[in-house]
$ cat input_13.cif   # mmCIF, C-alpha atoms
data_coords
loop_
_atom_site.label_atom_id
_atom_site.label_comp_id
_atom_site.auth_asym_id
_atom_site.auth_seq_id
_atom_site.Cartn_x
_atom_site.Cartn_y
_atom_site.Cartn_z
CA MET H 20 58.17 -110.82 -42.06
CA ILE H 21 55.11 -111.56 -44.22
CA ASP H 22 53.37 -108.48 -42.83
CA ASN H 23 56.40 -106.41 -43.77
CA ILE H 24 56.32 -107.84 -47.29
CA HIS H 25 52.62 -106.98 -47.61
CA LYS H 26 53.23 -103.41 -46.43
CA TRP H 27 56.29 -103.05 -48.66
CA LEU H 28 54.41 -104.38 -51.69
CA ILE H 29 51.27 -102.30 -51.06
CA LEU H 30 53.31 -99.10 -50.73
CA ARG H 31 55.26 -99.73 -53.91
CA LEU H 32 52.30 -100.88 -55.98
CA THR H 33 50.40 -97.80 -54.81
CA LEU H 34 53.35 -95.62 -55.81
CA VAL H 35 53.56 -97.33 -59.22
CA TRP H 36 49.79 -96.89 -59.69
CA LEU H 37 49.99 -93.19 -58.85
CA VAL H 38 53.02 -92.58 -61.07
CA LEU H 39 51.55 -94.49 -64.03
CA SER H 40 48.18 -92.78 -63.54
CA LEU H 41 49.86 -89.38 -63.58
CA VAL H 42 52.02 -90.19 -66.60
CA VAL H 43 49.34 -91.92 -68.67
CA GLY H 44 46.69 -89.48 -67.45
CA GLY H 45 48.88 -86.58 -68.51
CA LEU H 46 49.36 -88.21 -71.89
CA VAL H 47 45.59 -88.74 -72.26
CA ASN H 48 44.97 -85.12 -71.30
CA TYR H 49 47.60 -83.95 -73.81
CA ILE H 50 46.09 -86.07 -76.58
CA GLY H 51 42.65 -84.68 -75.66
CA HIS H 52 43.91 -81.12 -76.08
CA ILE H 53 45.54 -82.00 -79.40
CA ARG H 54 42.32 -83.63 -80.59
CA LEU H 55 40.29 -80.58 -79.56
CA ASP H 56 42.72 -78.22 -81.27
CA ASN H 57 42.64 -80.26 -84.49
CA HIS H 58 38.85 -80.38 -84.40
CA VAL H 59 38.61 -76.62 -83.91
CA VAL H 60 41.13 -76.03 -86.71
CA ASP H 61 39.08 -78.18 -89.09
CA MET H 62 35.89 -76.32 -88.16
CA ALA H 63 37.59 -72.93 -88.57
CA ARG H 64 38.93 -73.87 -91.98
CA ALA H 65 35.53 -75.16 -93.06
CA GLU H 66 33.72 -71.97 -92.02
CA THR H 67 36.27 -69.60 -93.58
CA SER H 68 35.91 -71.45 -96.90
CA HIS H 69 32.40 -69.96 -97.21
CA TYR H 70 33.96 -66.51 -97.34
CA THR H 71 36.87 -67.14 -99.69
CA ALA H 72 34.64 -68.08 -102.65
CA ASP H 73 32.66 -64.83 -102.37
CA PHE H 74 35.84 -62.78 -101.93
CA THR H 75 37.34 -64.40 -105.06
CA GLY H 76 34.20 -63.42 -106.98
CA TYR H 77 34.49 -59.82 -105.76
CA LEU H 78 38.18 -59.62 -106.75
CA LYS H 79 37.25 -60.51 -110.33
CA SER H 80 35.06 -57.36 -110.50
CA PRO H 81 36.08 -55.00 -107.68
CA THR H 82 33.45 -52.25 -108.11
CA PRO H 83 32.03 -50.15 -105.23
CA GLN H 84 28.65 -51.80 -105.74
CA ALA H 85 30.20 -55.30 -105.62
CA LEU H 86 32.11 -54.35 -102.44
CA ALA H 87 28.92 -53.08 -100.76
CA LEU H 88 27.09 -56.28 -101.71
CA PHE H 89 30.01 -58.43 -100.50
CA SER H 90 30.23 -56.53 -97.20
CA ARG H 91 26.51 -57.03 -96.48
CA LYS H 92 26.79 -60.72 -97.33
CA ILE H 93 29.73 -61.40 -95.03
CA GLN H 94 28.06 -59.45 -92.21
CA THR H 95 25.04 -61.70 -92.57
CA LEU H 96 27.24 -64.80 -92.63
CA ILE H 97 29.28 -63.85 -89.59
CA GLU H 98 26.17 -63.41 -87.43
CA LYS H 99 25.26 -67.04 -88.15
CA ASP H 100 28.60 -68.87 -87.77
CA HIS H 101 31.39 -69.00 -85.16
CA LEU H 102 33.72 -66.38 -86.59
CA ILE H 103 33.68 -63.23 -84.48
CA VAL H 104 35.73 -61.11 -86.85
CA VAL H 105 36.84 -61.55 -90.45
CA GLU H 106 39.09 -59.21 -92.44
CA PHE H 107 39.91 -59.30 -96.15
CA TYR H 108 43.12 -57.98 -97.70
CA GLY H 109 44.15 -57.49 -101.29
CA ALA H 110 47.36 -58.55 -102.98
CA ASP H 111 49.01 -55.37 -101.70
CA SER H 112 48.12 -56.35 -98.08
CA LYS H 113 45.72 -53.41 -97.79
CA LYS H 114 42.44 -54.09 -96.04
CA VAL H 115 39.49 -54.35 -98.39
CA THR H 116 36.68 -54.85 -95.88
CA GLU H 117 35.84 -56.51 -92.58
CA ALA H 118 32.93 -57.80 -90.53
CA PHE H 119 32.39 -58.12 -86.77
CA LYS H 120 29.93 -60.18 -84.80
CA SER H 121 28.08 -57.55 -82.79
CA SER H 122 27.40 -59.83 -79.80
CA VAL H 123 31.10 -60.35 -79.03
CA ALA H 124 32.54 -56.98 -79.98
CA GLU H 125 34.00 -56.57 -76.44
CA VAL H 126 35.76 -59.94 -76.66
CA GLU H 127 37.25 -59.06 -80.02
CA THR H 128 38.97 -56.01 -78.55
CA ARG H 129 40.89 -58.22 -76.09
CA LEU H 130 42.33 -60.50 -78.76
CA PRO H 131 45.46 -59.86 -80.88
CA LYS H 132 44.97 -57.56 -83.82
CA HIS H 133 46.06 -58.01 -87.43
CA GLY H 134 49.81 -58.13 -87.95
CA THR H 135 52.22 -58.70 -90.81
CA GLU H 136 53.55 -62.11 -89.71
CA PHE H 137 51.19 -63.99 -92.11
CA THR H 138 51.41 -61.70 -95.16
CA ASN H 139 54.13 -63.65 -96.96
CA THR H 140 52.70 -67.09 -96.28
CA SER H 141 51.15 -69.13 -99.05
CA LYS H 142 49.37 -71.76 -96.95
CA ILE H 143 46.49 -71.86 -94.50
CA LEU H 144 47.64 -71.17 -90.94
CA CYS H 145 45.88 -71.38 -87.59
CA GLU H 146 47.07 -69.99 -84.28
CA LYS H 147 45.39 -71.00 -81.02
CA LEU H 148 44.34 -68.25 -78.62
CA THR H 149 42.77 -68.58 -75.17
CA LEU H 150 40.77 -66.10 -73.18
CA GLY H 151 39.81 -67.49 -69.78
CA GLN H 152 38.19 -70.88 -70.38
CA GLU H 153 37.29 -70.07 -73.99
CA ILE H 154 39.26 -71.15 -77.04
CA PHE H 155 39.75 -68.99 -80.14
CA MET H 156 41.60 -69.68 -83.35
CA ARG H 157 43.30 -66.99 -85.41
CA VAL H 158 42.95 -68.13 -89.03
CA PHE H 159 44.94 -67.02 -92.06
CA VAL H 160 43.73 -68.15 -95.53
CA PRO H 161 45.59 -67.06 -98.69
CA ILE H 162 43.40 -66.56 -101.80
CA PHE H 163 44.68 -67.33 -105.29
CA ASP H 164 43.36 -66.40 -108.73
CA ASP H 165 42.91 -68.75 -111.67
CA ALA H 166 46.55 -68.32 -112.64
CA GLY H 167 47.72 -69.48 -109.21
CA LEU H 168 48.88 -66.05 -108.09
CA ARG H 169 47.94 -64.79 -104.65
CA SER H 170 45.29 -62.14 -105.10
CA GLY H 171 44.61 -61.51 -101.42
CA TYR H 172 44.03 -63.22 -98.11
CA LEU H 173 41.52 -63.61 -95.30
CA GLU H 174 42.29 -63.26 -91.63
CA GLY H 175 39.72 -64.05 -88.99
CA ILE H 176 39.13 -64.99 -85.35
CA TYR H 177 37.17 -68.19 -84.88
CA HIS H 178 35.42 -68.88 -81.55
CA ALA H 179 35.33 -72.59 -80.71
CA PRO H 180 31.75 -73.59 -79.80
CA ASN H 181 31.34 -74.05 -76.05
CA ASP H 182 29.43 -77.30 -76.49
CA ILE H 183 32.33 -78.76 -78.49
CA VAL H 184 34.86 -77.66 -75.84
CA VAL H 185 32.70 -78.99 -72.99
CA GLN H 186 32.12 -82.29 -74.80
CA ASN H 187 35.84 -82.72 -75.46
CA LYS H 188 36.73 -81.96 -71.85
CA ARG H 189 34.07 -84.40 -70.67
CA GLU H 190 35.46 -87.11 -72.94
CA SER H 191 39.00 -86.39 -71.74
CA LEU H 192 37.83 -86.57 -68.12
CA TRP H 193 36.13 -89.92 -68.67
CA ALA H 194 39.21 -91.19 -70.50
CA LEU H 195 41.35 -90.07 -67.56
CA ILE H 196 39.03 -91.79 -65.06
CA LEU H 197 39.12 -94.94 -67.18
CA VAL H 198 42.92 -94.88 -67.20
CA VAL H 199 43.08 -94.51 -63.42
CA VAL H 200 40.54 -97.32 -62.90
CA VAL H 201 42.31 -99.64 -65.36
CA MET H 202 45.65 -98.95 -63.68
CA PHE H 203 44.08 -99.66 -60.30
CA VAL H 204 42.56 -102.94 -61.51
CA ILE H 205 45.91 -104.00 -63.00
CA THR H 206 47.62 -103.13 -59.70
CA LEU H 207 45.07 -105.22 -57.78
CA ALA H 208 45.58 -108.09 -60.20
CA LEU H 209 49.36 -107.89 -59.78
CA TYR H 210 49.24 -107.92 -55.98
CA PRO H 211 48.24 -111.59 -55.41
CA LEU H 212 50.49 -112.69 -58.29
CA ILE H 213 53.54 -110.99 -56.77
CA ILE H 214 52.66 -112.30 -53.31
CA ARG H 215 52.43 -115.83 -54.69
CA LEU H 216 55.75 -115.48 -56.49
CA ASP H 217 57.30 -114.01 -53.36
CA ARG H 218 56.08 -116.94 -51.27
CA LYS H 219 57.53 -119.36 -53.79
CA LEU H 220 60.81 -117.46 -53.67
CA LEU H 221 60.77 -117.53 -49.86
CA GLU H 222 60.12 -121.27 -49.93
CA TYR H 223 63.04 -121.85 -52.26
CA ALA H 224 65.22 -119.51 -50.22
CA HIS H 225 64.21 -121.35 -47.04
CA ILE H 226 65.05 -124.70 -48.63
CA LEU H 227 68.42 -123.33 -49.75
CA ALA H 228 69.08 -121.91 -46.28
CA LEU H 229 68.23 -125.23 -44.65
CA THR H 230 70.52 -126.99 -47.10
CA ASN H 231 73.36 -124.61 -46.32
CA ILE H 232 72.80 -124.86 -42.58
CA GLY H 233 72.64 -128.64 -42.85
CA MET H 234 75.93 -128.60 -44.70
CA LEU H 235 77.34 -126.32 -41.99
CA LYS H 236 76.34 -128.82 -39.27
CA VAL H 237 77.71 -131.79 -41.17
CA LEU H 238 81.03 -130.06 -41.81
CA GLY H 239 81.21 -128.94 -38.18
CA SER H 240 80.50 -132.48 -37.02
CA ALA H 241 83.17 -133.88 -39.35
CA ILE H 242 85.71 -131.45 -37.92
CA ALA H 243 84.75 -132.42 -34.37
CA LYS H 244 85.12 -136.12 -35.16
CA ARG H 245 88.49 -135.44 -36.76
CA ASP H 246 89.63 -133.82 -33.51
CA SER H 247 88.28 -136.65 -31.31
CA ASP H 248 85.52 -134.35 -30.07
CA THR H 249 81.74 -134.08 -30.44
CA ASN H 250 79.41 -131.42 -31.78
CA ILE H 251 78.66 -130.25 -28.25
CA HIS H 252 81.76 -128.02 -28.30
CA ASN H 253 80.52 -126.37 -31.50
CA PHE H 254 77.06 -125.90 -29.98
CA ARG H 255 78.46 -124.32 -26.81
CA VAL H 256 80.85 -121.87 -28.47
CA ALA H 257 78.18 -120.91 -31.01
CA LEU H 258 75.67 -120.18 -28.23
CA TYR H 259 78.21 -118.27 -26.14
CA SER H 260 79.06 -116.23 -29.25
CA VAL H 261 75.40 -115.48 -30.02
CA ARG H 262 74.67 -114.31 -26.47
CA LEU H 263 77.72 -112.04 -26.48
CA GLY H 264 76.91 -110.78 -29.99
CA GLU H 265 73.37 -109.92 -28.85
CA LYS H 266 74.79 -107.81 -26.02
CA LEU H 267 76.93 -106.02 -28.59
CA HIS H 268 73.83 -105.47 -30.80
CA LEU H 269 75.37 -107.12 -33.85
CA SER H 270 73.36 -107.00 -37.06
CA ASN H 271 71.75 -110.15 -38.45
CA THR H 272 74.41 -110.29 -41.14
CA ALA H 273 77.26 -110.08 -38.62
CA MET H 274 75.53 -112.66 -36.42
CA GLN H 275 75.30 -115.09 -39.33
CA GLY H 276 79.05 -114.83 -39.89
CA LEU H 277 79.67 -115.30 -36.18
CA ILE H 278 77.56 -118.48 -35.97
CA LYS H 279 79.13 -119.96 -39.11
CA GLY H 280 82.61 -119.08 -37.86
CA ALA H 281 81.92 -120.60 -34.43
CA PHE H 282 80.82 -123.87 -36.03
CA LEU H 283 83.74 -124.00 -38.44
CA HIS H 284 86.50 -122.33 -36.44
CA ASP H 285 88.74 -125.40 -36.58
CA VAL H 286 87.90 -126.50 -40.14
CA GLY H 287 91.56 -126.11 -41.07
CA LYS H 288 92.53 -128.97 -38.74
CA ILE H 289 91.46 -131.27 -41.57
CA ALA H 290 94.84 -130.44 -43.11
CA ILE H 291 96.83 -131.35 -39.96
CA THR H 292 98.26 -134.85 -39.74
CA ASP H 293 96.94 -137.31 -37.13
CA ALA H 294 100.37 -137.55 -35.53
CA ILE H 295 100.18 -133.90 -34.54
CA LEU H 296 96.43 -133.41 -34.18
CA LEU H 297 95.86 -136.48 -32.00
CA LYS H 298 99.15 -136.44 -30.10
CA PRO H 299 98.33 -137.06 -26.40
CA GLY H 300 101.29 -135.15 -25.04
CA LYS H 301 102.66 -131.66 -25.45
CA LEU H 302 103.57 -130.62 -28.97
CA THR H 303 107.13 -129.76 -29.89
CA SER H 304 107.86 -126.26 -31.17
CA GLU H 305 107.98 -127.58 -34.75
CA GLU H 306 104.71 -129.44 -34.29
CA PHE H 307 103.08 -126.37 -32.79
CA GLU H 308 104.18 -124.27 -35.79
CA THR H 309 102.47 -126.82 -38.01
CA MET H 310 99.37 -126.74 -35.81
CA LYS H 311 99.18 -122.95 -36.18
CA THR H 312 98.68 -123.31 -39.91
CA HIS H 313 95.17 -124.71 -39.38
CA VAL H 314 93.79 -121.14 -39.38
CA SER H 315 95.17 -120.39 -42.84
CA HIS H 316 94.06 -123.80 -44.11
CA GLY H 317 90.59 -123.04 -42.77
CA GLY H 318 90.44 -119.72 -44.59
CA ASP H 319 91.58 -121.37 -47.81
CA ILE H 320 88.86 -124.02 -47.49
CA LEU H 321 86.07 -121.49 -46.92
CA CYS H 322 87.08 -119.07 -49.67
CA SER H 323 85.83 -121.47 -52.34
CA TYR H 324 82.21 -121.19 -51.16
CA ASP H 325 80.56 -117.75 -51.13
CA TRP H 326 78.00 -118.63 -48.45
CA LEU H 327 80.79 -119.41 -45.95
CA GLN H 328 83.09 -116.49 -46.69
CA ASP H 329 81.66 -114.39 -43.84
CA ALA H 330 82.94 -117.10 -41.45
CA ASP H 331 86.51 -116.31 -42.52
CA GLU H 332 86.97 -113.61 -39.86
CA VAL H 333 86.53 -116.14 -37.05
CA VAL H 334 88.25 -119.08 -38.77
CA ARG H 335 91.36 -117.16 -39.83
CA TYR H 336 91.80 -114.79 -36.87
CA HIS H 337 90.40 -116.47 -33.73
CA HIS H 338 93.93 -117.16 -32.43
CA GLU H 339 95.04 -113.53 -32.76
CA LYS H 340 95.66 -111.74 -29.45
CA PHE H 341 94.75 -108.20 -28.52
CA ASN H 342 98.40 -107.32 -27.77
CA GLY H 343 99.56 -108.63 -31.16
CA SER H 344 101.26 -111.81 -29.91
CA GLY H 345 98.79 -114.23 -31.52
CA TYR H 346 99.00 -116.12 -34.79
CA LEU H 347 99.20 -116.28 -37.76
CA SER H 348 98.91 -112.63 -38.83
CA GLY H 349 100.00 -111.00 -35.59
CA LEU H 350 97.12 -108.52 -35.71
CA LYS H 351 96.71 -106.16 -32.78
CA GLY H 352 93.80 -104.36 -31.08
CA GLU H 353 90.87 -103.42 -33.27
CA ASP H 354 92.72 -104.55 -36.38
CA ILE H 355 91.45 -107.98 -35.36
CA PRO H 356 87.91 -108.40 -36.78
CA LEU H 357 85.16 -107.95 -34.17
CA ASN H 358 83.73 -111.45 -34.64
CA ALA H 359 87.19 -112.95 -34.06
CA ARG H 360 87.63 -110.90 -30.86
CA ILE H 361 84.24 -112.12 -29.62
CA PHE H 362 84.97 -115.74 -30.43
CA ALA H 363 88.45 -115.68 -28.87
CA VAL H 364 86.92 -115.07 -25.43
CA VAL H 365 84.21 -117.74 -25.62
CA ASP H 366 86.49 -120.34 -27.23
CA VAL H 367 89.03 -120.09 -24.41
CA PHE H 368 86.27 -120.03 -21.77
CA ASP H 369 84.72 -123.21 -23.16
CA ALA H 370 88.12 -124.89 -23.32
CA LEU H 371 88.72 -123.97 -19.66
CA THR H 372 85.33 -125.21 -18.42
CA SER H 373 85.26 -128.42 -20.53
CA ARG H 374 86.88 -131.80 -20.11
CA ARG H 375 89.72 -132.52 -22.50
CA PRO H 376 91.84 -135.67 -22.96
CA TYR H 377 94.71 -133.82 -21.30
CA LYS H 378 92.76 -132.03 -18.49
CA GLU H 379 89.73 -131.98 -16.25
CA PRO H 380 87.30 -129.00 -16.48
CA PHE H 381 88.15 -125.95 -14.39
CA ASN H 382 85.43 -124.58 -12.15
CA LEU H 383 83.75 -121.28 -12.93
CA GLU H 384 85.80 -119.25 -10.46
CA THR H 385 89.14 -120.48 -11.82
CA SER H 386 88.04 -120.02 -15.43
CA VAL H 387 86.83 -116.48 -14.78
CA GLY H 388 90.13 -115.67 -13.09
CA ILE H 389 92.12 -116.83 -16.12
CA ILE H 390 89.88 -114.83 -18.50
CA ARG H 391 90.18 -111.73 -16.34
CA GLU H 392 93.95 -112.09 -16.14
CA ALA H 393 94.18 -112.19 -19.97
CA ARG H 394 92.06 -109.04 -20.33
CA GLY H 395 93.93 -106.53 -22.50
CA SER H 396 96.65 -108.99 -23.48
CA HIS H 397 94.84 -111.92 -25.06
CA PHE H 398 91.34 -110.47 -25.16
CA ASP H 399 89.67 -107.18 -26.09
CA PRO H 400 89.07 -105.42 -22.73
CA ALA H 401 85.60 -104.10 -23.64
CA ILE H 402 84.40 -107.48 -24.88
CA THR H 403 85.95 -109.22 -21.88
CA ASP H 404 84.14 -106.89 -19.46
CA LEU H 405 80.84 -107.47 -21.24
CA PHE H 406 81.36 -111.23 -21.15
CA LEU H 407 82.28 -111.24 -17.47
CA GLU H 408 79.13 -109.25 -16.63
CA GLN H 409 76.99 -112.18 -17.80
CA VAL H 410 79.37 -115.11 -17.39
CA GLU H 411 77.49 -116.73 -14.50
CA ALA H 412 74.19 -116.70 -16.40
CA LEU H 413 75.89 -118.04 -19.54
CA TYR H 414 77.65 -120.77 -17.56
CA ALA H 415 74.39 -121.86 -15.98
CA GLU H 416 72.53 -121.82 -19.31
CA ILE H 417 75.10 -123.52 -21.54
CA CYS H 418 78.07 -125.16 -19.86
CA ASN H 419 76.54 -128.29 -18.33
CA GLU H 420 73.55 -128.86 -20.61
CA ASP H 421 73.37 -131.97 -22.76
CA GLU H 422 73.83 -131.97 -26.52
CA PRO H 423 70.14 -132.25 -27.61
CA LEU H 424 69.12 -129.27 -25.47
CA LEU H 425 72.00 -127.14 -26.75
CA HIS H 426 71.16 -128.19 -30.28
CA GLY H 427 67.55 -127.03 -29.77
CA LYS H 428 68.69 -123.64 -28.47
CA LEU H 429 71.02 -123.20 -31.41
CA GLU H 430 68.18 -124.08 -33.81
CA GLU H 431 66.17 -121.18 -32.35
CA CYS H 432 69.14 -118.85 -32.93
CA ILE H 433 69.44 -120.03 -36.51
CA LYS H 434 65.72 -119.40 -37.10
CA THR H 435 66.15 -115.89 -35.71
CA TYR H 436 69.27 -114.84 -37.62
CA PHE H 437 69.02 -116.86 -40.83
CA ARG H 438 65.49 -115.84 -41.82
#
$ encode --input "input_13.cif" --output "structure tokens"
Amino acid sequence: MIDNIHKWLILRLTLVWLVLSLVVGGLVNYIGHIRLDNHVVDMARAETSHYTADFTGYLKSPTPQALALFSRKIQTLIEKDHLIVVEFYGADSKKVTEAFKSSVAEVETRLPKHGTEFTNTSKILCEKLTLGQEIFMRVFVPIFDDAGLRSGYLEGIYHAPNDIVVQNKRESLWALILVVVVMFVITLALYPLIIRLDRKLLEYAHILALTNIGMLKVLGSAIAKRDSDTNIHNFRVALYSVRLGEKLHLSNTAMQGLIKGAFLHDVGKIAITDAILLKPGKLTSEEFETMKTHVSHGGDILCSYDWLQDADEVVRYHHEKFNGSGYLSGLKGEDIPLNARIFAVVDVFDALTSRRPYKEPFNLETSVGIIREARGSHFDPAITDLFLEQVEALYAEICNEDEPLLHGKLEECIKTYFR
């Protein structure tokens, strides 16, 4: 079980680590791109500001000589900075002049050309463009005169420096690696903590299980004493039930209910008066009707405790018969819960092969004959056949053993099915 917990925990912590690494890593990568974009925008705005002052000066005295001087100046500037093209427009949105960086003329032809989408805007705008692995920024800068009126605008293509892009990507990569490593370290730190908490929980669960099982034994013993019997009957029918349940491949959960029900099948006899319960002779019809009510009393007793509610199937229905002639509900066939159908066979078999105040034990052959005769009427035929296939081995293992040995065998069953 511990190995399974380790595997379960490792798989889930690994999954959590991967998911968190992807989510946080994606966020780090996104923030890195935003940071790079903002940095490039700031650089583009800073470099275009060198041009706007000169263009404003030209607009104050727009002569051919001033335009020629301005054009030469911006051509000189553009060869030294990171703009690859810059265009200047007047207030009427007609181009005044432009400059191209000769070394990237081919790149410029593959980028979007001037449009009219920025012409009515009165604020600086930047639009990111990508070409392969390179980043460009389309920049729009409105230019205003001293009166605050727009006298023209600048539009350019800014090429983000490769060293800046590479540095940003390197920083983002290292940030991503750091996130993955930190998440991994946190996962490793959580593993022993969760294991320790799980062990504590298992210890408490084990203590609670032992307490419940102890209560089950005490209650079963009290019932046996009330009926002038000993726990050995409870041990035998519980073991018979477990062996038959194993052949039917019952789940652990179903087996728990079967064991509890076997131990407490007669818990309702607490509500039956001594005059009827301990009567040495045959019961009258009225007395027998009263005795029948022990199954409903048993169900009522168990329903107040959640841990025992899965025993209700055996306690309430173990006197039902497959042909519908049993009591109290008169259930028939597979309407009778499976655990009750299993227990009905082993309870009668143990009664037949055990000494009672009113009878001596029947031998195996006689007991088997009675069980076989009740196949299909009292008992489920399929369960009866399965029981009869192994009855000799079960009889040899359980019927004549003493109480301590049977108790030890039942303890092993409890360890197996109440983990």
$ atom_distance --input "input_13.cif" --atom1 "atom CA of Ser396 of chain H" --atom2 "atom CA of Ala370 of chain H"
18.0 Å
$ closest_residue --input "input_13.cif" --among "H:Leu32, H:Ala85, H:Ala110, H:Cys145" --to "Met202 of chain H" --atoms "all atoms listed in the file"
H:Leu32
$ resolve_selection --input "input_13.cif" --expression "the PyMOL selection byres ((chain H and resi 263-271) around 12)" --output "MDAnalysis selection string"
chainID H and resid 256:262 272:278 281 357:365 401:410 412:413 432:438
$ write_last_selection --input "input_13.cif" --atoms "C-alpha atoms" --output "PDB file, keeping the file's coordinate frame"
ATOM      1  CA  VAL H 256      80.850-121.870 -28.470  1.00  0.00           C
ATOM      2  CA  ALA H 257      78.180-120.910 -31.010  1.00  0.00           C
ATOM      3  CA  LEU H 258      75.670-120.180 -28.230  1.00  0.00           C
ATOM      4  CA  TYR H 259      78.210-118.270 -26.140  1.00  0.00           C
ATOM      5  CA  SER H 260      79.060-116.230 -29.250  1.00  0.00           C
ATOM      6  CA  VAL H 261      75.400-115.480 -30.020  1.00  0.00           C
ATOM      7  CA  ARG H 262      74.670-114.310 -26.470  1.00  0.00           C
ATOM      8  CA  THR H 272      74.410-110.290 -41.140  1.00  0.00           C
ATOM      9  CA  ALA H 273      77.260-110.080 -38.620  1.00  0.00           C
ATOM     10  CA  MET H 274      75.530-112.660 -36.420  1.00  0.00           C
ATOM     11  CA  GLN H 275      75.300-115.090 -39.330  1.00  0.00           C
ATOM     12  CA  GLY H 276      79.050-114.830 -39.890  1.00  0.00           C
ATOM     13  CA  LEU H 277      79.670-115.300 -36.180  1.00  0.00           C
ATOM     14  CA  ILE H 278      77.560-118.480 -35.970  1.00  0.00           C
ATOM     15  CA  ALA H 281      81.920-120.600 -34.430  1.00  0.00           C
ATOM     16  CA  LEU H 357      85.160-107.950 -34.170  1.00  0.00           C
ATOM     17  CA  ASN H 358      83.730-111.450 -34.640  1.00  0.00           C
ATOM     18  CA  ALA H 359      87.190-112.950 -34.060  1.00  0.00           C
ATOM     19  CA  ARG H 360      87.630-110.900 -30.860  1.00  0.00           C
ATOM     20  CA  ILE H 361      84.240-112.120 -29.620  1.00  0.00           C
ATOM     21  CA  PHE H 362      84.970-115.740 -30.430  1.00  0.00           C
ATOM     22  CA  ALA H 363      88.450-115.680 -28.870  1.00  0.00           C
ATOM     23  CA  VAL H 364      86.920-115.070 -25.430  1.00  0.00           C
ATOM     24  CA  VAL H 365      84.210-117.740 -25.620  1.00  0.00           C
ATOM     25  CA  ALA H 401      85.600-104.100 -23.640  1.00  0.00           C
ATOM     26  CA  ILE H 402      84.400-107.480 -24.880  1.00  0.00           C
ATOM     27  CA  THR H 403      85.950-109.220 -21.880  1.00  0.00           C
ATOM     28  CA  ASP H 404      84.140-106.890 -19.460  1.00  0.00           C
ATOM     29  CA  LEU H 405      80.840-107.470 -21.240  1.00  0.00           C
ATOM     30  CA  PHE H 406      81.360-111.230 -21.150  1.00  0.00           C
ATOM     31  CA  LEU H 407      82.280-111.240 -17.470  1.00  0.00           C
ATOM     32  CA  GLU H 408      79.130-109.250 -16.630  1.00  0.00           C
ATOM     33  CA  GLN H 409      76.990-112.180 -17.800  1.00  0.00           C
ATOM     34  CA  VAL H 410      79.370-115.110 -17.390  1.00  0.00           C
ATOM     35  CA  ALA H 412      74.190-116.700 -16.400  1.00  0.00           C
ATOM     36  CA  LEU H 413      75.890-118.040 -19.540  1.00  0.00           C
ATOM     37  CA  CYS H 432      69.140-118.850 -32.930  1.00  0.00           C
ATOM     38  CA  ILE H 433      69.440-120.030 -36.510  1.00  0.00           C
ATOM     39  CA  LYS H 434      65.720-119.400 -37.100  1.00  0.00           C
ATOM     40  CA  THR H 435      66.150-115.890 -35.710  1.00  0.00           C
ATOM     41  CA  TYR H 436      69.270-114.840 -37.620  1.00  0.00           C
ATOM     42  CA  PHE H 437      69.020-116.860 -40.830  1.00  0.00           C
ATOM     43  CA  ARG H 438      65.490-115.840 -41.820  1.00  0.00           C
TER      44      ARG H 438
END
$ resolve_selection --input "input_13.cif" --expression "the PyMOL selection byres ((chain H and resi 172) around 12)" --output "ChimeraX atom specification"
/H:67-68,70-72,74-75,78,105-117,135,137-144,158-164,168-171,173-175
$ resolve_selection --input "input_13.cif" --expression "the PyMOL selection byres ((chain H and resi 372-389) around 10)" --output "PyMOL selection string"
chain H and resi 247-248+252+297+299-301+367-371+390-394+406-407+410-411+414-415+418-419
$ residues_around --input "input_13.cif" --residues "segment 310-319 of chain H" --least-positions-apart "6" --cutoff "9 Å" --atoms "only C-alpha atoms" --output "count of residues only"
23
$ residues_around --input "input_13.cif" --residues "Leu46 of chain H" --least-positions-apart "5" --cutoff "12 Å" --atoms "only C-alpha atoms" --output "JSON, numbers by chain"
{"H": [39, 40, 41, 51, 52, 53, 191, 194, 195, 198]}
$ atom_distance --input "input_13.cif" --atom1 "atom CA of Gly167 of chain H" --atom2 "atom CA of Ser80 of chain H"
17.6 Å
$ atom_distance --input "input_13.cif" --atom1 "atom CA of Val104 of chain H" --atom2 "atom CA of Ala118 of chain H"
5.7 Å
$ residues_around --input "input_13.cif" --residues "Arg54 of chain H" --least-positions-apart "2" --cutoff "12 Å" --atoms "all atoms listed in the file" --output "ChimeraX atom specification"
/H:47-52,56-61,183-184,186-188,190-191
